[in-house]
$ cat start12.cif   # mmCIF, C-alpha atoms and all ligand atoms
data_final
#
loop_
_atom_site.label_atom_id
_atom_site.label_comp_id
_atom_site.auth_asym_id
_atom_site.auth_seq_id
_atom_site.Cartn_x
_atom_site.Cartn_y
_atom_site.Cartn_z
CA MET C 1 9.90 1.99 -14.42
CA THR C 2 13.26 0.73 -13.25
CA ASP C 3 13.75 -1.69 -10.41
CA ALA C 4 14.62 0.04 -7.14
CA PRO C 5 17.71 -0.75 -5.12
CA ILE C 6 17.05 -2.58 -1.89
CA ALA C 7 18.29 -1.48 1.54
CA THR C 8 19.20 2.02 0.51
CA GLY C 9 21.46 2.60 3.47
CA ARG C 10 18.66 4.12 5.54
CA ALA C 11 18.84 3.11 9.19
CA GLY C 12 15.13 2.37 9.06
CA GLY C 13 13.30 1.54 5.89
CA PHE C 14 10.25 2.32 3.81
CA ILE C 15 7.87 -0.63 3.43
CA THR C 16 4.61 -0.44 1.52
CA PHE C 17 1.69 -2.88 1.37
CA GLU C 18 -0.37 -3.13 -1.79
CA GLY C 19 -3.18 -5.28 -3.14
CA GLY C 20 -6.87 -5.30 -3.90
CA GLU C 21 -9.78 -4.52 -1.61
CA GLY C 22 -9.98 -6.55 1.60
CA ALA C 23 -6.67 -8.32 0.94
CA GLY C 24 -5.68 -7.97 4.61
CA LYS C 25 -3.24 -5.06 4.46
CA SER C 26 -4.41 -3.32 7.65
CA THR C 27 -4.40 -6.62 9.53
CA GLN C 28 -0.86 -7.45 8.41
CA ILE C 29 0.54 -3.95 8.94
CA ALA C 30 -0.49 -4.04 12.61
CA ARG C 31 1.19 -7.42 13.02
CA LEU C 32 4.37 -6.48 11.17
CA ALA C 33 4.69 -3.24 13.13
CA ALA C 34 4.49 -5.13 16.43
CA TRP C 35 7.22 -7.50 15.23
CA LEU C 36 9.46 -4.69 13.96
CA ARG C 37 9.04 -2.69 17.18
CA ALA C 38 10.71 -5.53 19.06
CA GLY C 39 13.88 -3.96 17.67
CA THR C 40 17.39 -5.27 17.70
CA GLU C 41 20.27 -5.37 20.16
CA GLY C 42 20.20 -1.56 19.97
CA GLY C 43 16.80 -1.52 21.71
CA PRO C 44 13.24 -0.90 20.57
CA ARG C 45 12.86 0.62 17.13
CA GLU C 46 10.58 3.47 16.04
CA VAL C 47 7.97 2.17 13.59
CA VAL C 48 5.55 4.62 11.96
CA THR C 49 2.41 3.06 10.45
CA THR C 50 0.47 5.15 8.02
CA ARG C 51 -1.83 4.92 5.01
CA GLU C 52 -2.72 6.37 1.65
CA PRO C 53 -4.71 8.22 0.72
CA GLY C 54 -4.22 10.04 4.00
CA GLY C 55 -1.57 9.81 6.69
CA SER C 56 -1.42 13.55 7.43
CA PRO C 57 -4.24 15.94 8.39
CA ARG C 58 -4.41 17.63 4.98
CA ALA C 59 -4.15 14.33 3.10
CA GLU C 60 -6.90 12.81 5.28
CA ARG C 61 -9.22 15.60 4.13
CA ILE C 62 -8.44 14.74 0.51
CA ARG C 63 -9.05 11.04 1.34
CA ALA C 64 -12.52 11.77 2.66
CA ALA C 65 -13.39 13.69 -0.50
CA VAL C 66 -12.01 11.14 -3.00
CA LEU C 67 -13.45 8.06 -1.28
CA SER C 68 -16.87 9.75 -1.12
CA GLY C 69 -16.81 9.58 -4.94
CA ILE C 70 -16.97 13.34 -5.40
CA ALA C 71 -14.19 13.35 -8.03
CA LYS C 72 -15.38 10.31 -9.98
CA PRO C 73 -17.29 12.38 -12.59
CA HIS C 74 -14.03 14.24 -13.35
CA GLY C 75 -12.34 10.98 -14.44
CA PRO C 76 -9.23 9.03 -13.43
CA PHE C 77 -6.74 11.82 -14.24
CA ALA C 78 -8.43 14.21 -11.83
CA GLU C 79 -8.54 11.45 -9.22
CA ALA C 80 -4.83 10.69 -9.80
CA LEU C 81 -4.05 14.39 -9.24
CA LEU C 82 -5.95 14.34 -5.96
CA PHE C 83 -4.11 11.20 -4.80
CA ALA C 84 -0.87 12.94 -5.83
CA ALA C 85 -1.75 16.09 -3.86
CA ALA C 86 -2.45 13.95 -0.79
CA ARG C 87 0.83 12.06 -1.33
CA LEU C 88 2.87 15.28 -1.60
CA ASP C 89 1.68 16.41 1.82
CA HIS C 90 2.04 12.94 3.34
CA LEU C 91 5.62 12.65 2.05
CA SER C 92 6.71 16.06 3.24
CA THR C 93 5.03 16.09 6.64
CA LEU C 94 5.31 12.46 7.74
CA ILE C 95 7.19 9.98 5.54
CA ARG C 96 10.41 11.91 4.79
CA PRO C 97 10.87 13.32 8.32
CA SER C 98 10.32 9.83 9.79
CA LEU C 99 12.83 8.20 7.44
CA ALA C 100 15.32 11.01 8.11
CA ARG C 101 15.36 10.23 11.84
CA GLY C 102 15.87 6.51 11.19
CA ALA C 103 12.32 5.22 11.73
CA VAL C 104 10.78 2.36 9.79
CA VAL C 105 7.75 3.61 7.85
CA VAL C 106 5.09 1.02 6.99
CA CYS C 107 2.50 2.43 4.63
CA ASP C 108 -0.88 0.97 3.61
CA ARG C 109 -0.82 1.66 -0.16
CA PHE C 110 1.44 4.11 -2.04
CA SER C 111 2.11 4.99 -5.65
CA ASP C 112 1.60 1.42 -6.96
CA SER C 113 -2.07 1.90 -6.06
CA THR C 114 -2.22 4.89 -8.41
CA ARG C 115 -0.57 2.81 -11.13
CA ALA C 116 -3.08 -0.02 -10.60
CA TYR C 117 -6.33 1.83 -9.80
CA GLN C 118 -6.08 4.95 -11.96
CA GLY C 119 -3.72 3.36 -14.52
CA ALA C 120 -4.35 -0.28 -15.35
CA ALA C 121 -7.93 -0.43 -14.06
CA GLY C 122 -8.90 3.21 -14.66
CA GLY C 123 -7.37 3.61 -18.11
CA LEU C 124 -4.74 6.36 -17.56
CA GLU C 125 -1.60 5.98 -19.69
CA PRO C 126 1.48 4.67 -17.83
CA GLU C 127 3.58 7.60 -19.19
CA THR C 128 1.31 10.12 -17.47
CA LEU C 129 1.51 8.23 -14.19
CA SER C 130 5.30 7.81 -14.45
CA ALA C 131 5.69 11.56 -14.90
CA LEU C 132 3.44 12.25 -11.93
CA GLU C 133 5.31 9.71 -9.81
CA ARG C 134 8.65 11.22 -10.76
CA VAL C 135 7.71 14.70 -9.62
CA VAL C 136 5.70 13.72 -6.55
CA VAL C 137 7.64 10.77 -5.12
CA GLY C 138 11.12 11.62 -6.45
CA PRO C 139 13.76 9.54 -4.69
CA THR C 140 11.51 8.51 -1.78
CA ARG C 141 10.63 5.13 -3.24
CA PRO C 142 9.82 2.12 -1.07
CA ASP C 143 12.68 -0.22 -0.14
CA LEU C 144 10.22 -3.11 -0.10
CA THR C 145 6.67 -3.52 -1.38
CA LEU C 146 4.59 -6.46 -0.18
CA ILE C 147 1.78 -7.24 -2.60
CA LEU C 148 -1.02 -9.18 -0.93
CA ASP C 149 -2.43 -11.26 -3.75
CA LEU C 150 -6.00 -12.53 -3.49
CA ALA C 151 -8.88 -13.40 -5.82
CA PRO C 152 -11.03 -10.24 -5.86
CA GLU C 153 -14.20 -12.22 -5.12
CA ILE C 154 -12.69 -13.25 -1.77
CA GLY C 155 -11.27 -9.80 -0.93
CA LEU C 156 -14.53 -8.03 -1.77
CA ALA C 157 -16.50 -10.54 0.32
CA ARG C 158 -14.16 -9.89 3.27
CA ALA C 159 -14.46 -6.12 2.82
CA ARG C 160 -18.28 -6.32 2.57
CA GLN C 161 -18.52 -8.46 5.68
CA ARG C 162 -16.38 -5.94 7.55
CA ASP C 163 -18.46 -3.02 6.18
CA ARG C 164 -21.70 -4.74 7.28
CA ALA C 165 -20.32 -5.28 10.78
CA ALA C 166 -19.40 -1.58 10.94
CA ALA C 167 -22.73 -0.54 9.31
CA SER C 168 -20.80 1.38 6.61
CA ALA C 169 -21.39 1.51 2.84
CA PRO C 170 -18.82 0.37 0.22
CA ASP C 171 -16.55 3.27 -0.79
CA ARG C 172 -15.89 4.69 -4.27
CA PHE C 173 -13.61 1.83 -5.40
CA GLU C 174 -15.15 -1.11 -3.54
CA ALA C 175 -18.33 -0.33 -5.48
CA GLU C 176 -16.65 -0.89 -8.89
CA ALA C 177 -17.58 -3.97 -10.99
CA LEU C 178 -15.71 -7.28 -10.64
CA ASP C 179 -13.74 -6.85 -13.89
CA PHE C 180 -12.23 -3.60 -12.49
CA HIS C 181 -10.97 -5.60 -9.50
CA GLN C 182 -9.66 -8.36 -11.77
CA ARG C 183 -7.66 -5.76 -13.71
CA LEU C 184 -6.27 -4.50 -10.41
CA ARG C 185 -5.05 -7.94 -9.40
CA ALA C 186 -3.34 -8.39 -12.78
CA ALA C 187 -1.80 -4.92 -12.48
CA PHE C 188 -0.28 -5.57 -9.06
CA ARG C 189 1.14 -8.87 -10.28
CA ALA C 190 2.61 -7.12 -13.32
CA ILE C 191 4.26 -4.48 -11.10
CA ALA C 192 5.83 -7.27 -9.02
CA GLU C 193 7.07 -9.01 -12.13
CA ALA C 194 8.56 -5.80 -13.52
CA GLU C 195 10.27 -4.84 -10.24
CA PRO C 196 11.30 -8.08 -8.49
CA GLY C 197 14.03 -6.34 -6.50
CA ARG C 198 11.47 -4.15 -4.74
CA CYS C 199 8.34 -6.31 -4.68
CA VAL C 200 7.34 -9.59 -3.08
CA VAL C 201 3.99 -11.24 -3.81
CA ILE C 202 2.37 -12.83 -0.76
CA ASP C 203 -0.51 -15.34 -0.97
CA ALA C 204 -3.22 -13.50 0.99
CA GLN C 205 -5.74 -16.34 0.95
CA ALA C 206 -3.95 -18.18 3.74
CA THR C 207 -4.83 -17.67 7.41
CA PRO C 208 -3.78 -14.37 9.02
CA ASP C 209 -1.04 -16.24 10.92
CA ALA C 210 0.34 -17.84 7.75
CA VAL C 211 0.26 -14.52 5.88
CA ALA C 212 2.04 -12.84 8.81
CA ARG C 213 4.78 -15.49 8.70
CA ALA C 214 5.26 -14.93 4.96
CA VAL C 215 5.42 -11.16 5.49
CA ARG C 216 8.06 -11.50 8.21
CA ALA C 217 10.08 -13.90 6.09
CA ALA C 218 10.05 -11.42 3.19
CA VAL C 219 11.15 -8.54 5.42
CA ALA C 220 13.89 -10.63 7.02
CA ALA C 221 15.16 -11.73 3.59
CA ARG C 222 15.00 -8.35 1.86
CA LEU C 223 15.78 -5.98 4.74
CA PRO C 224 17.76 -8.12 7.20
CA HIS C 225 18.86 -5.09 9.23
CA LEU C 226 15.22 -4.75 10.35
CA ALA C 227 14.65 -8.33 11.51
CA PRO C 228 14.47 -8.78 15.26
CA GLY C 229 16.66 -11.54 16.69
CA VAL C 230 13.97 -14.23 16.44
CA SER C 231 12.57 -14.10 12.93
CA ASP C 232 9.35 -16.02 13.66
CA ALA C 233 8.37 -14.11 16.80
CA ALA C 234 4.66 -13.30 17.16
N1 LIG C 301 -6.61 4.25 -4.02
C1 LIG C 301 -5.62 4.47 -3.12
C2 LIG C 301 -6.49 4.65 -5.36
O1 LIG C 301 -7.41 4.45 -6.15
N2 LIG C 301 -5.33 5.26 -5.76
C3 LIG C 301 -4.32 5.52 -4.89
O2 LIG C 301 -3.28 6.10 -5.30
C4 LIG C 301 -4.47 5.11 -3.52
C5 LIG C 301 -3.36 5.36 -2.53
C6 LIG C 301 -8.43 3.31 -0.18
C7 LIG C 301 -8.98 3.25 -1.58
O3 LIG C 301 -8.32 4.21 -2.38
C8 LIG C 301 -7.86 3.59 -3.57
C9 LIG C 301 -7.71 2.14 -3.23
C10 LIG C 301 -8.80 1.89 -2.21
O4 LIG C 301 -9.98 1.54 -2.89
P1 LIG C 301 -9.14 1.99 1.97
O5 LIG C 301 -10.34 2.16 2.82
O6 LIG C 301 -7.83 2.39 2.55
O7 LIG C 301 -9.40 2.77 0.63
O8 LIG C 301 -9.22 0.53 1.44
P2 LIG C 301 -8.14 -0.59 1.24
O9 LIG C 301 -6.77 -0.03 1.18
O10 LIG C 301 -8.60 -1.40 0.07
O11 LIG C 301 -8.21 -1.42 2.54
P3 LIG C 301 -9.30 -2.31 3.11
O12 LIG C 301 -9.50 -1.73 4.47
O13 LIG C 301 -10.50 -2.48 2.25
O14 LIG C 301 -8.66 -3.73 3.14
P4 LIG C 301 -7.34 -4.29 3.81
O15 LIG C 301 -6.69 -3.33 4.72
O16 LIG C 301 -6.52 -4.86 2.73
O17 LIG C 301 -7.94 -5.52 4.64
P5 LIG C 301 -8.21 -5.68 6.21
O18 LIG C 301 -6.98 -6.03 6.91
O19 LIG C 301 -9.02 -4.53 6.68
O20 LIG C 301 -9.10 -7.00 6.15
C11 LIG C 301 -10.39 -7.00 5.59
C12 LIG C 301 -11.27 -7.99 6.39
O21 LIG C 301 -10.77 -9.30 6.17
C13 LIG C 301 -10.36 -9.91 7.39
C14 LIG C 301 -10.19 -8.76 8.39
O22 LIG C 301 -10.44 -9.19 9.69
C15 LIG C 301 -11.24 -7.75 7.89
O23 LIG C 301 -12.50 -8.04 8.42
N3 LIG C 301 -9.10 -10.61 7.11
C16 LIG C 301 -9.02 -11.92 6.83
N4 LIG C 301 -9.97 -12.90 6.78
C17 LIG C 301 -9.53 -14.14 6.45
N5 LIG C 301 -8.22 -14.47 6.21
C18 LIG C 301 -7.26 -13.53 6.28
N6 LIG C 301 -5.98 -13.84 6.03
C19 LIG C 301 -7.66 -12.19 6.60
N7 LIG C 301 -6.97 -11.03 6.73
C20 LIG C 301 -7.86 -10.07 7.02
#
$ encode --input "start12.cif" --output "structure tokens"
Amino acid sequence: MTDAPIATGRAGGFITFEGGEGAGKSTQIARLAAWLRAGTEGGPREVVTTREPGGSPRAERIRAAVLSGIAKPHGPFAEALLFAAARLDHLSTLIRPSLARGAVVVCDRFSDSTRAYQGAAGGLEPETLSALERVVVGPTRPDLTLILDLAPEIGLARARQRDRAAASAPDRFEAEALDFHQRLRAAFRAIAEAEPGRCVVIDAQATPDAVARAVRAAVAARLPHLAPGVSDAA
């Protein structure tokens, strides 16, 4: 994979969050969106927060099926195809139209998750995933990817605590063994190392406030046209 150009000339921008289970992506996306919505001298900015798998009605139906584990017996290639089908719909119905009207799109997971989960941890060859990514994602690649890096033991403990509080069971991937999650962490770090122009690794073990500051600093440095006037605003 080649490194992506930053600040592609879009008025808005496409920002993705990646990382292992319970790394704090949802928490940080809500905080970043609030900061970005503060806008610039031109007034408040449109910020679209979304997630994968899902983000559009058809893709949410695929999400429910995949995370129930229904496709697991078919293997990682079948699962990658289902994530790709969800992504196709998400891109065409939400992400591309939002970017086209100048919004900032902040997405909880994107194609790096397929590379890490179905590729590095699941065993699918990188060439297969590159081909899939080329046809599904095409030119709509993220301007910035924030990789929340955390020891999987800590992330899984956070996710389990949250699941217990919500009385819900671990999903298809949370239920995988620890070595699967260790391969994921290594895979996300490798993606960041291979594409430093697009990716920033953030230490996700710090407090939510400290992580939020690091996220805002990365956005301000990489996509300065998106930074509100006061870069450390809450
Ligand atoms: N998947 C996805 C694939 O296999 N291939 C693909 O192509 C794609 C797109 C999606 C699953 O699908 C897989 C990956 C996933 O397994 P999901 O439900 O969306 O499933 O799960 P995740 O994306 O992993 O998200 P989680 O909801 O599990 O975790 P988050 O969003 O990273 O974490 P968050 O913010 O919910 O925080 C977890 C808990 O920790 C606390 C929060 O309050 C919360 O209780 N917390 C912190 N605690 C201490 N310190 C901090 N800094 C904290 N930040 C948050």
$ residues_around --input "start12.cif" --residues "region 189-206 of chain C" --least-positions-apart "2" --cutoff "9 Å" --atoms "all atoms listed in the file" --output "PyMOL selection string"
chain C and resi 1-6+23-24+112+115-116+142-151+154-155+184-187+208-211+214-215+218+222
$ residues_near_ligand --input "start12.cif" --ligand "ligand LIG 301 (chain C)" --cutoff "7 Å" --atoms "only C-alpha atoms and all ligand atoms" --output "PyMOL selection string"
chain C and resi 19-28+51-53+67+80+83+108-114+117-118+158-159+161-162+172-174+204-208+211
$ write_last_selection --input "start12.cif" --atoms "C-alpha atoms" --output "short mmCIF file (atom, residue, chain, number, x, y, z; two decimals), in the frame of the given file"
data_model
loop_
_atom_site.label_atom_id
_atom_site.label_comp_id
_atom_site.auth_asym_id
_atom_site.auth_seq_id
_atom_site.Cartn_x
_atom_site.Cartn_y
_atom_site.Cartn_z
CA GLY C 19 -3.18 -5.28 -3.14
CA GLY C 20 -6.87 -5.30 -3.90
CA GLU C 21 -9.78 -4.52 -1.61
CA GLY C 22 -9.98 -6.55 1.60
CA ALA C 23 -6.67 -8.32 0.94
CA GLY C 24 -5.68 -7.97 4.61
CA LYS C 25 -3.24 -5.06 4.46
CA SER C 26 -4.41 -3.32 7.65
CA THR C 27 -4.40 -6.62 9.53
CA GLN C 28 -0.86 -7.45 8.41
CA ARG C 51 -1.83 4.92 5.01
CA GLU C 52 -2.72 6.37 1.65
CA PRO C 53 -4.71 8.22 0.72
CA LEU C 67 -13.45 8.06 -1.28
CA ALA C 80 -4.83 10.69 -9.80
CA PHE C 83 -4.11 11.20 -4.80
CA ASP C 108 -0.88 0.97 3.61
CA ARG C 109 -0.82 1.66 -0.16
CA PHE C 110 1.44 4.11 -2.04
CA SER C 111 2.11 4.99 -5.65
CA ASP C 112 1.60 1.42 -6.96
CA SER C 113 -2.07 1.90 -6.06
CA THR C 114 -2.22 4.89 -8.41
CA TYR C 117 -6.33 1.83 -9.80
CA GLN C 118 -6.08 4.95 -11.96
CA ARG C 158 -14.16 -9.89 3.27
CA ALA C 159 -14.46 -6.12 2.82
CA GLN C 161 -18.52 -8.46 5.68
CA ARG C 162 -16.38 -5.94 7.55
CA ARG C 172 -15.89 4.69 -4.27
CA PHE C 173 -13.61 1.83 -5.40
CA GLU C 174 -15.15 -1.11 -3.54
CA ALA C 204 -3.22 -13.50 0.99
CA GLN C 205 -5.74 -16.34 0.95
CA ALA C 206 -3.95 -18.18 3.74
CA THR C 207 -4.83 -17.67 7.41
CA PRO C 208 -3.78 -14.37 9.02
CA VAL C 211 0.26 -14.52 5.88
#
$ residues_around --input "start12.cif" --residues "Arg45 (chain C)" --least-positions-apart "4" --cutoff "12 Å" --atoms "only C-alpha atoms" --output "CSV table (one decimal) with C-alpha atoms, keeping the file's coordinate frame"
chain,number,residue,atom,x,y,z
C,11,ALA,CA,18.8,3.1,9.2
C,12,GLY,CA,15.1,2.4,9.1
C,13,GLY,CA,13.3,1.5,5.9
C,33,ALA,CA,4.7,-3.2,13.1
C,34,ALA,CA,4.5,-5.1,16.4
C,35,TRP,CA,7.2,-7.5,15.2
C,36,LEU,CA,9.5,-4.7,14.0
C,37,ARG,CA,9.0,-2.7,17.2
C,38,ALA,CA,10.7,-5.5,19.1
C,39,GLY,CA,13.9,-4.0,17.7
C,40,THR,CA,17.4,-5.3,17.7
C,41,GLU,CA,20.3,-5.4,20.2
C,101,ARG,CA,15.4,10.2,11.8
C,102,GLY,CA,15.9,6.5,11.2
C,103,ALA,CA,12.3,5.2,11.7
C,104,VAL,CA,10.8,2.4,9.8
C,105,VAL,CA,7.8,3.6,7.8
C,225,HIS,CA,18.9,-5.1,9.2
C,226,LEU,CA,15.2,-4.8,10.4
C,227,ALA,CA,14.6,-8.3,11.5
C,228,PRO,CA,14.5,-8.8,15.3
$ residues_near_point --input "start12.cif" --point "(-10.6, 12.5, 4.3)" --cutoff "12 Å" --atoms "all atoms listed in the file" --output "list in words"
Arg51, Glu52, Pro53, Gly54, Gly55, Ser56, Pro57, Arg58, Ala59, Glu60, Arg61, Ile62, Arg63, Ala64, Ala65, Val66, Leu67, Ser68, Gly69, Ile70, Leu82, Phe83 and Ala86 of chain C
$ atom_distance --input "start12.cif" --atom1 "CA of Asp89 (chain C)" --atom2 "CA of Val48 (chain C)"
16.0 Å
$ atom_distance --input "start12.cif" --atom1 "CA of Glu176 (chain C)" --atom2 "CA of Leu156 (chain C)"
10.3 Å
$ atom_distance --input "start12.cif" --atom1 "CA of Ala100 (chain C)" --atom2 "CA of Ala217 (chain C)"
25.5 Å
$ residues_around --input "start12.cif" --residues "Ala84 (chain C)" --least-positions-apart "3" --cutoff "8 Å" --atoms "all atoms listed in the file" --output "list in words"
Ala80, Leu81, Arg87, Leu88, Leu132 and Val136 of chain C
$ axis_aligned_box --input "start12.cif" --around "region 9-28 of chain C" --padding-each-side "4 Å" --output "AutoDock Vina command-line options"
--center_x 5.7 --center_y -2.1 --center_z 2.8 --size_x 39.4 --size_y 20.4 --size_z 21.4
$ closest_residue --input "start12.cif" --among "C:Ala169, C:Ile95, C:Ala30, C:Leu178" --to "Arg141 (chain C)" --atoms "all atoms listed in the file"
C:Ile95
